[in-house]
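Below is model.txt, which holds compact mmCIF, C-alpha atoms.
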```
# COMPACT_ATOMS: atom_id res chain seq x y z
CA MET A 644 -13.99 -34.60 -11.83
CA GLN A 645 -13.84 -31.70 -9.41
CA LYS A 646 -12.87 -34.13 -6.65
CA ILE A 647 -10.08 -35.72 -8.64
CA MET A 648 -8.78 -32.27 -9.52
CA ASN A 649 -8.75 -31.33 -5.87
CA MET A 650 -6.60 -34.32 -5.02
CA MET A 651 -4.17 -33.73 -7.84
CA VAL A 652 -3.71 -29.99 -7.67
CA ASN A 653 -4.06 -27.03 -5.37
CA SER A 654 -7.34 -25.25 -4.90
CA CYS A 655 -7.85 -21.84 -6.48
CA LYS A 656 -7.54 -20.26 -3.06
CA LYS A 657 -4.15 -21.83 -2.50
CA THR A 658 -3.10 -20.94 -6.04
CA THR A 659 -3.88 -17.26 -5.60
CA GLU A 660 -1.79 -17.37 -2.44
CA LEU A 661 1.17 -18.71 -4.40
CA ILE A 662 0.63 -16.09 -7.10
CA ASP A 663 1.03 -13.32 -4.56
CA LYS A 664 3.65 -15.11 -2.51
CA GLN A 665 6.06 -15.33 -5.44
CA LEU A 666 6.18 -11.54 -5.62
CA PHE A 667 7.79 -11.53 -2.17
CA THR A 668 9.76 -14.70 -1.83
CA PRO A 669 10.92 -17.39 -4.27
CA LEU A 670 8.65 -20.43 -4.45
CA THR A 671 9.94 -23.94 -3.82
CA ALA A 672 10.23 -26.26 -6.80
CA LYS A 673 7.11 -28.07 -5.67
CA GLU A 674 5.14 -24.85 -5.32
CA LYS A 675 6.28 -23.70 -8.76
CA MET A 676 5.08 -26.92 -10.30
CA GLN A 677 1.75 -26.81 -8.48
CA LEU A 678 1.26 -23.27 -9.69
CA GLN A 679 2.05 -24.14 -13.32
CA VAL A 680 -0.21 -27.18 -13.32
CA HIS A 681 -3.11 -25.28 -11.80
CA LYS A 682 -2.76 -22.30 -14.11
CA SER A 683 -2.67 -24.52 -17.17
CA MET A 684 -6.15 -25.72 -16.25
CA CYS A 685 -7.69 -22.66 -14.71
CA LYS A 686 -8.34 -19.47 -16.63
CA THR A 687 -9.67 -17.63 -13.60
CA CYS A 688 -6.42 -18.05 -11.68
CA THR A 689 -4.34 -17.17 -14.72
CA ALA A 690 -6.42 -14.02 -14.99
CA TYR A 691 -5.94 -13.37 -11.28
CA GLU A 692 -2.19 -13.30 -11.78
CA HIS A 693 -2.57 -10.50 -14.34
CA GLN A 694 -5.02 -8.67 -12.11
CA SER A 695 -2.71 -8.87 -9.14
CA LYS A 696 0.16 -7.44 -11.19
CA LEU A 697 -2.05 -4.71 -12.58
CA ILE A 698 -3.11 -3.68 -9.07
CA ASP A 699 0.59 -3.51 -8.20
CA SER A 700 1.42 -1.32 -11.18
CA ILE A 701 -1.42 1.07 -10.41
CA ILE A 702 -0.35 1.54 -6.81
CA GLY A 703 3.29 1.67 -7.86
CA LYS A 704 2.50 4.47 -10.27
CA TRP A 705 1.08 6.60 -7.49
CA PHE A 706 4.45 6.65 -5.82
CA THR A 707 6.91 6.78 -8.67
CA GLY A 708 5.80 10.14 -9.92
CA LYS A 709 4.34 8.75 -13.13
CA SER A 710 0.81 9.04 -11.91
CA LYS A 711 -1.33 12.05 -12.66
CA THR A 712 -2.13 12.32 -8.99
CA ASN A 713 1.51 13.08 -8.18
CA VAL A 714 2.24 16.59 -7.03
CA LYS A 715 5.00 18.67 -5.54
CA LEU A 716 5.10 20.41 -2.21
CA PRO A 717 5.06 24.18 -2.96
CA GLU A 718 8.46 25.89 -2.55
CA GLU A 719 7.04 28.39 -0.05
CA ARG A 720 6.06 25.55 2.22
CA LYS A 721 9.47 23.93 1.92
CA ASN A 722 11.08 27.18 2.96
CA LYS A 723 8.62 27.56 5.79
CA ILE A 724 9.54 24.12 7.12
CA LEU A 725 13.26 24.89 6.97
CA GLU A 726 12.62 28.22 8.67
CA GLU A 727 10.73 26.48 11.50
CA ILE A 728 13.49 23.95 11.91
CA ASN A 729 16.14 26.65 12.08
CA LYS A 730 14.14 28.47 14.75
CA SER A 731 14.06 25.31 16.90
CA MET B 230 25.08 19.73 22.00
CA GLU B 231 24.87 22.79 19.77
CA VAL B 232 27.12 21.09 17.22
CA ILE B 233 24.76 18.12 17.04
CA LYS B 234 21.86 20.46 16.52
CA GLU B 235 23.64 22.29 13.73
CA ASN B 236 24.49 18.99 12.05
CA SER B 237 20.93 17.78 12.16
CA LYS B 238 19.76 21.06 10.66
CA LYS B 239 21.97 20.34 7.69
CA THR B 240 20.61 16.79 7.50
CA PHE B 241 17.07 18.08 7.61
CA GLU B 242 17.70 20.51 4.81
CA ASN B 243 18.68 17.53 2.66
CA TRP B 244 15.71 15.50 3.79
CA VAL B 245 13.24 18.29 3.06
CA ASN B 246 14.66 18.61 -0.44
CA GLN B 247 14.78 14.88 -1.03
CA PHE B 248 11.58 13.60 0.51
CA SER B 249 9.03 16.37 0.92
CA ASP B 250 7.40 15.87 -2.51
CA GLU B 251 6.84 12.19 -1.90
CA LEU B 252 5.57 12.79 1.61
CA PHE B 253 3.28 15.49 0.29
CA SER B 254 1.76 13.42 -2.48
CA TRP B 255 1.17 10.59 -0.02
CA ALA B 256 -0.47 12.95 2.48
CA LEU B 257 -2.53 14.50 -0.28
CA TYR B 258 -3.71 11.11 -1.41
CA LYS B 259 -4.63 10.22 2.18
CA THR B 260 -6.42 13.44 3.05
CA SER B 261 -7.58 14.84 -0.31
CA SER B 262 -6.83 18.33 0.95
CA LYS B 263 -3.82 20.36 -0.18
CA GLU B 264 -3.75 22.51 2.89
CA THR B 265 -4.07 19.59 5.31
CA ALA B 266 -1.43 17.66 3.42
CA GLU B 267 1.01 20.59 3.56
CA ASP B 268 0.40 20.99 7.28
CA LEU B 269 0.91 17.30 7.93
CA VAL B 270 4.21 17.27 6.05
CA GLN B 271 5.39 20.29 8.01
CA GLU B 272 4.34 18.66 11.31
CA THR B 273 6.12 15.50 10.26
CA PHE B 274 9.45 17.26 9.69
CA LEU B 275 9.18 19.24 12.91
CA ALA B 276 8.28 16.16 14.93
CA ALA B 277 11.16 14.29 13.32
CA PHE B 278 13.55 17.12 14.13
CA HIS B 279 12.56 17.11 17.78
CA LYS B 280 13.03 13.40 18.15
CA ILE B 281 16.02 12.96 15.88
CA ASP B 282 17.89 11.28 18.75
CA THR B 283 15.39 8.39 18.61
CA PHE B 284 16.27 7.79 14.98
CA GLN B 285 19.00 5.21 15.14
CA GLY B 286 19.65 4.77 11.47
CA LYS B 287 18.30 1.22 11.58
CA SER B 288 15.76 2.10 8.93
CA GLN B 289 16.04 4.45 5.98
CA PRO B 290 15.31 8.10 6.77
CA LYS B 291 12.51 7.95 4.24
CA THR B 292 10.91 4.98 6.00
CA TRP B 293 11.19 6.75 9.32
CA LEU B 294 9.64 9.96 7.99
CA PHE B 295 6.81 8.05 6.36
CA SER B 296 6.03 6.25 9.60
CA ILE B 297 5.80 9.61 11.38
CA LEU B 298 3.61 10.99 8.60
CA ASN B 299 1.32 7.99 8.79
CA ASN B 300 0.79 8.60 12.47
CA LYS B 301 0.03 12.24 11.73
CA VAL B 302 -2.51 11.18 9.15
CA ILE B 303 -4.15 8.82 11.62
CA ASP B 304 -4.22 11.57 14.26
CA HIS B 305 -5.76 13.88 11.70
CA TYR B 306 -8.54 11.42 11.03
CA ARG B 307 -9.08 10.84 14.73
CA LEU B 308 -9.52 14.56 15.27
CA SER B 309 -11.69 15.18 12.25
CA ALA B 310 -13.86 12.15 12.99
CA LYS B 311 -15.74 14.25 15.48
CA THR B 312 -16.68 16.97 13.03
CA THR B 313 -16.75 15.39 9.59
CA LYS B 314 -17.80 12.23 7.91
CA GLN B 315 -15.45 9.46 8.91
CA THR B 316 -14.24 7.01 6.32
CA PHE B 317 -14.37 3.61 7.93
CA SER B 318 -11.81 0.95 7.39
CA ILE B 319 -13.11 -2.54 7.94
CA SER B 320 -11.56 -4.66 10.67
CA GLU B 321 -8.91 -7.26 9.88
CA ASN B 322 -11.35 -10.03 10.79
CA SER B 323 -13.93 -8.87 8.29
CA GLY B 324 -11.10 -8.54 5.81
CA TYR B 325 -10.33 -12.22 6.19
CA GLU B 326 -13.99 -13.17 6.03
CA LEU B 327 -14.65 -11.09 2.93
CA SER B 328 -11.66 -12.44 1.07
CA ASP B 329 -12.53 -16.01 2.07
CA GLY B 330 -15.96 -15.29 0.64
CA LEU B 331 -14.58 -15.21 -2.88
CA PHE B 332 -14.08 -18.98 -2.68
CA ASN B 333 -16.54 -21.83 -2.18
CA GLU B 334 -16.32 -24.72 0.28
CA THR B 335 -13.85 -26.60 -1.95
CA GLU B 336 -11.73 -23.45 -2.00
CA ASN B 337 -12.31 -22.73 -5.65
CA TRP B 338 -13.63 -19.48 -7.11
CA LYS B 339 -17.32 -18.96 -6.44
CA ASN B 340 -17.44 -17.04 -9.67
CA ASN B 341 -15.26 -18.38 -12.47
CA GLU B 342 -16.12 -15.69 -14.96
CA ILE B 343 -13.41 -13.23 -15.74
CA ASN B 344 -14.79 -9.74 -15.37
CA PRO B 345 -14.40 -7.81 -18.65
CA ILE B 346 -13.00 -4.76 -16.86
CA TRP B 347 -9.60 -6.48 -16.75
CA ASP B 348 -9.37 -6.54 -20.53
CA GLN B 349 -8.83 -2.80 -20.63
CA GLU B 350 -5.54 -3.15 -18.77
CA GLU B 351 -3.54 -0.42 -20.54
CA GLU B 352 -6.35 2.12 -20.47
CA LEU B 353 -7.05 1.54 -16.81
CA LEU B 354 -3.58 2.54 -15.69
CA ASP B 355 -3.95 6.07 -17.02
CA ASN B 356 -7.63 6.49 -16.42
CA PRO B 357 -8.06 9.08 -13.62
CA GLU B 358 -11.57 7.86 -12.81
CA PHE B 359 -10.39 4.32 -12.42
CA ASN B 360 -7.58 5.55 -10.18
CA ASN B 361 -10.18 7.31 -8.03
CA VAL B 362 -12.23 4.14 -7.70
CA MET B 363 -9.08 2.29 -6.78
CA GLN B 364 -8.33 4.85 -4.08
CA ASP B 365 -11.84 4.44 -2.70
CA CYS B 366 -11.32 0.71 -2.62
CA MET B 367 -8.04 1.20 -0.79
CA GLU B 368 -9.81 3.34 1.81
CA ASP B 369 -12.01 0.41 2.77
CA LEU B 370 -9.09 -1.88 3.57
CA PRO B 371 -8.10 -2.45 7.19
CA GLN B 372 -5.57 0.22 8.20
CA LYS B 373 -2.69 -2.21 8.52
CA TRP B 374 -3.39 -3.83 5.16
CA LYS B 375 -3.46 -0.47 3.44
CA PHE B 376 0.00 0.29 4.76
CA ALA B 377 1.23 -3.21 3.88
CA VAL B 378 0.14 -2.81 0.26
CA THR B 379 1.68 0.60 -0.22
CA SER B 380 4.76 0.33 1.97
CA LYS B 381 6.61 -1.69 -0.62
CA TYR B 382 6.76 1.48 -2.72
CA LEU B 383 7.54 3.80 0.14
CA THR B 384 10.49 2.01 1.60
CA ASP B 385 12.76 0.84 -1.19
CA LYS B 386 11.35 -2.67 -0.95
CA ASN B 387 13.02 -3.76 2.25
CA ALA B 388 10.54 -6.32 3.54
CA ASP B 389 12.23 -6.72 6.92
CA GLU B 390 11.85 -3.05 7.77
CA ILE B 391 8.23 -2.99 6.74
CA CYS B 392 7.49 -6.02 8.90
CA GLN B 393 9.22 -4.46 11.86
CA GLU B 394 7.06 -1.40 11.53
CA LEU B 395 3.85 -3.37 11.16
CA GLU B 396 4.91 -5.79 13.89
CA ILE B 397 4.31 -8.81 11.68
CA THR B 398 6.39 -11.66 10.28
CA VAL B 399 7.48 -11.79 6.64
CA SER B 400 5.05 -14.60 5.92
CA ASN B 401 2.29 -12.58 7.53
CA TYR B 402 3.29 -9.68 5.32
CA TRP B 403 2.75 -11.33 1.97
CA GLN B 404 -0.42 -12.96 3.23
CA ILE B 405 -1.81 -9.59 4.21
CA VAL B 406 -0.86 -8.13 0.83
CA HIS B 407 -2.46 -11.14 -0.82
CA ARG B 408 -5.71 -10.72 1.13
CA ALA B 409 -5.71 -7.00 0.42
CA LYS B 410 -5.38 -7.66 -3.30
CA LEU B 411 -8.29 -10.11 -3.27
CA LEU B 412 -10.43 -7.43 -1.66
CA LEU B 413 -9.23 -4.78 -4.12
CA LYS B 414 -10.11 -7.08 -7.00
CA LYS B 415 -13.56 -7.68 -5.57
CA CYS B 416 -14.12 -3.99 -4.90
CA LEU B 417 -12.96 -2.90 -8.36
CA GLU B 418 -15.21 -5.43 -10.03
CA MET B 419 -18.14 -4.09 -8.05
CA LYS B 420 -17.49 -0.38 -8.36
CA TRP B 421 -15.92 0.01 -11.78
CA LEU B 422 -18.58 -0.36 -14.43
```

Before anything else, please render the file you have as structure tokens.
Amino acid sequence: MQKIMNMMVNSCKKTTELIDKQLFTPLTAKEKMQLQVHKSMCKTCTAYEHQSKLIDSIIGKWFTGKSKTNVKLPEERKNKILEEINKS
Amino acid sequence: MEVIKENSKKTFENWVNQFSDELFSWALYKTSSKETAEDLVQETFLAAFHKIDTFQGKSQPKTWLFSILNNKVIDHYRLSAKTTKQTFSISENSGYELSDGLFNETENWKNNEINPIWDQEEELLDNPEFNNVMQDCMEDLPQKWKFAVTSKYLTDKNADEICQELEITVSNYWQIVHRAKLLLKKCLEMKWL
């Protein structure tokens, strides 16, 4: 069964590649179909797609100011920088 | 000459106001020290000011500043490596090996079980401890991969510019991000209990 599956559809490794590739560049019609077929049979890869997006949102949050780790450069330091530049 | 200098001072005033918070939070995340992060941001702006003539406007100012900051961060780690505990990034080769290791010889998942940590999706996003674990996991990535994963958010999503900076092709770029994500997944599943 595993062997037949391998002939018919992409491996999980290849599928996870497509999952991440589509975030950067549009997939071809063939790739889209392969991805759909594989996901319909494989829970682990379907889950990987969610995980990959979640990882994206977490990292994205760090940089969009919505994260709790986001902070502001103190005003004094900003002034100091401008002062240094004006001295140059 | 003086006119050019005066003009760039004006430009820099805008840049400091526009970008210093983002640069600072990035530096803080990289160094975990407020003072170091402030210093690095200051050094970044001064270095940028002194080599403004090398900035040709091919990339966004923000991208350019971030690339200078990243070099400052790397320098900082190089210097502090001698005195403090160094955090080691793995090499790109081990990155490829480790991510390959998630799959068996038929290229399917070695472990088909879906780790229950991923069910808590919404909670994870706002959980500071989880974010810390994630940052630790990021630290382990090869230097280039780390930058590839984050640069999308730092540079207004212009893939061409990012690739230029990393000296890679676009197809290399998404493959690196893909490999990095596999490793992050693996790391999170190991470290987040």

Do you have, as a tab-separated table, the list of residues of chain B lying at most 8 Å from chain A, each with its nearest atom pair and that distance in Å to one decimal, counting all atoms listed in the file and ordered by chain then number?
```
residue	atom	partner	partner_atom	distance
B:Lys238	CA	A:Asn729	CA	6.8
B:Phe241	CA	A:Leu725	CA	7.8
B:Glu242	CA	A:Leu725	CA	6.6
B:Val245	CA	A:Lys721	CA	6.9
B:Asn246	CA	A:Lys721	CA	7.8
B:Ser249	CA	A:Leu716	CA	6.4
B:Asp250	CA	A:Lys715	CA	4.8
B:Glu251	CA	A:Phe706	CA	7.2
B:Phe253	CA	A:Leu716	CA	5.8
B:Ser254	CA	A:Val714	CA	5.6
B:Trp255	CA	A:Phe706	CA	7.7
B:Tyr258	CA	A:Thr712	CA	7.8
B:Glu267	CA	A:Leu716	CA	7.1
B:Gln271	CA	A:Ile724	CA	5.7
B:Phe274	CA	A:Ile724	CA	7.3
B:Leu275	CA	A:Ile728	CA	6.5
B:Phe278	CA	A:Ile728	CA	7.2
B:Phe332	CA	A:Lys656	CA	6.7
B:Thr335	CA	A:Ser654	CA	7.3
B:Glu336	CA	A:Lys656	CA	5.4
B:Asn337	CA	A:Cys655	CA	4.6
B:Trp338	CA	A:Cys655	CA	6.3
B:Asn341	CA	A:Thr687	CA	5.8
B:Glu342	CA	A:Thr687	CA	6.9
B:Ile343	CA	A:Thr687	CA	6.2
B:Trp347	CA	A:Gln694	CA	6.9
B:Glu350	CA	A:Leu697	CA	7.3
B:Leu354	CA	A:Ile701	CA	5.9
B:Asp355	CA	A:Ser710	CA	7.6
B:Pro357	CA	A:Lys711	CA	7.4
B:Asn360	CA	A:Ile701	CA	7.6
B:Thr379	CA	A:Ile702	CA	7.0
B:Tyr382	CA	A:Gly703	CA	6.2
B:Leu383	CA	A:Phe706	CA	7.3
B:Trp403	CA	A:Lys664	CA	5.9
B:Gln404	CA	A:Glu660	CA	7.3
B:Val406	CA	A:Asp663	CA	7.7
B:His407	CA	A:Asp663	CA	5.6
B:Lys410	CA	A:Ser695	CA	6.5
B:Leu413	CA	A:Ile698	CA	7.9
B:Lys414	CA	A:Gln694	CA	7.4
```

May I have the residues from that selection written out with C-alpha atoms, as a CSV table (one decimal), in the frame of the given file?
```csv
chain,number,residue,atom,x,y,z
B,238,LYS,CA,19.8,21.1,10.7
B,241,PHE,CA,17.1,18.1,7.6
B,242,GLU,CA,17.7,20.5,4.8
B,245,VAL,CA,13.2,18.3,3.1
B,246,ASN,CA,14.7,18.6,-0.4
B,249,SER,CA,9.0,16.4,0.9
B,250,ASP,CA,7.4,15.9,-2.5
B,251,GLU,CA,6.8,12.2,-1.9
B,253,PHE,CA,3.3,15.5,0.3
B,254,SER,CA,1.8,13.4,-2.5
B,255,TRP,CA,1.2,10.6,0.0
B,258,TYR,CA,-3.7,11.1,-1.4
B,267,GLU,CA,1.0,20.6,3.6
B,271,GLN,CA,5.4,20.3,8.0
B,274,PHE,CA,9.4,17.3,9.7
B,275,LEU,CA,9.2,19.2,12.9
B,278,PHE,CA,13.6,17.1,14.1
B,332,PHE,CA,-14.1,-19.0,-2.7
B,335,THR,CA,-13.8,-26.6,-2.0
B,336,GLU,CA,-11.7,-23.4,-2.0
B,337,ASN,CA,-12.3,-22.7,-5.6
B,338,TRP,CA,-13.6,-19.5,-7.1
B,341,ASN,CA,-15.3,-18.4,-12.5
B,342,GLU,CA,-16.1,-15.7,-15.0
B,343,ILE,CA,-13.4,-13.2,-15.7
B,347,TRP,CA,-9.6,-6.5,-16.8
B,350,GLU,CA,-5.5,-3.2,-18.8
B,354,LEU,CA,-3.6,2.5,-15.7
B,355,ASP,CA,-4.0,6.1,-17.0
B,357,PRO,CA,-8.1,9.1,-13.6
B,360,ASN,CA,-7.6,5.6,-10.2
B,379,THR,CA,1.7,0.6,-0.2
B,382,TYR,CA,6.8,1.5,-2.7
B,383,LEU,CA,7.5,3.8,0.1
B,403,TRP,CA,2.8,-11.3,2.0
B,404,GLN,CA,-0.4,-13.0,3.2
B,406,VAL,CA,-0.9,-8.1,0.8
B,407,HIS,CA,-2.5,-11.1,-0.8
B,410,LYS,CA,-5.4,-7.7,-3.3
B,413,LEU,CA,-9.2,-4.8,-4.1
B,414,LYS,CA,-10.1,-7.1,-7.0
```

**Asked** Could you work out how far CA of Leu331 (chain B) lies from CA of Ile397 (chain B), giving the answer in Å with one decimal?
**Response**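 CA of Ile397 (chain B) sits 24.7 Å away from CA of Leu331 (chain B).
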
**Request:** Extract, using all atoms listed in the file, all DNA, RNA and protein residues at most 8 Å from Val399 (chain B), discarding same-chain residues fewer than 3 positions from it, and format them as number ranges by chain.
**Result:** B: 388-389, 392, 402-403

**Complete:** Here CA of Ser320 (chain B) and CA of Tyr306 (chain B) stand apart by 16.4 Å

**Prompt:** Quick one: residues within 8 Å of region 361-374 of chain B, only C-alpha atoms counted, chain neighbours fewer than 2 positions away excluded, as number ranges by chain?
**Reply:** B: 316-321, 324, 357-359, 376-378, 395, 405-406, 409, 412-413, 416-417, 420-421

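Note that the spacing between CA of Thr265 (chain B) and CA of Lys381 (chain B) amounts to 24.5 Å.
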
**Request:** Could you please give me, as JSON, numbers by chain, the residues of protein, DNA or RNA lying at most 10 Å from (7.6, 6.1, 3.8) in the coordinate frame of the file, considering all atoms listed in the file?
**Result:** {"B": [248, 251, 252, 255, 289, 290, 291, 292, 293, 294, 295, 296, 297, 298, 299, 376, 379, 380, 381, 382, 383, 384, 385, 391]}

Assuming 5 Å of padding per side, give the centre and edge lengths of the axis-aligned box around every listed atom of region 725-730 of chain A, in Å to one decimal and as AutoDock Vina command-line options.
```
--center_x 13.4 --center_y 26.2 --center_z 10.9 --size_x 15.4 --size_y 14.5 --size_z 17.8
```
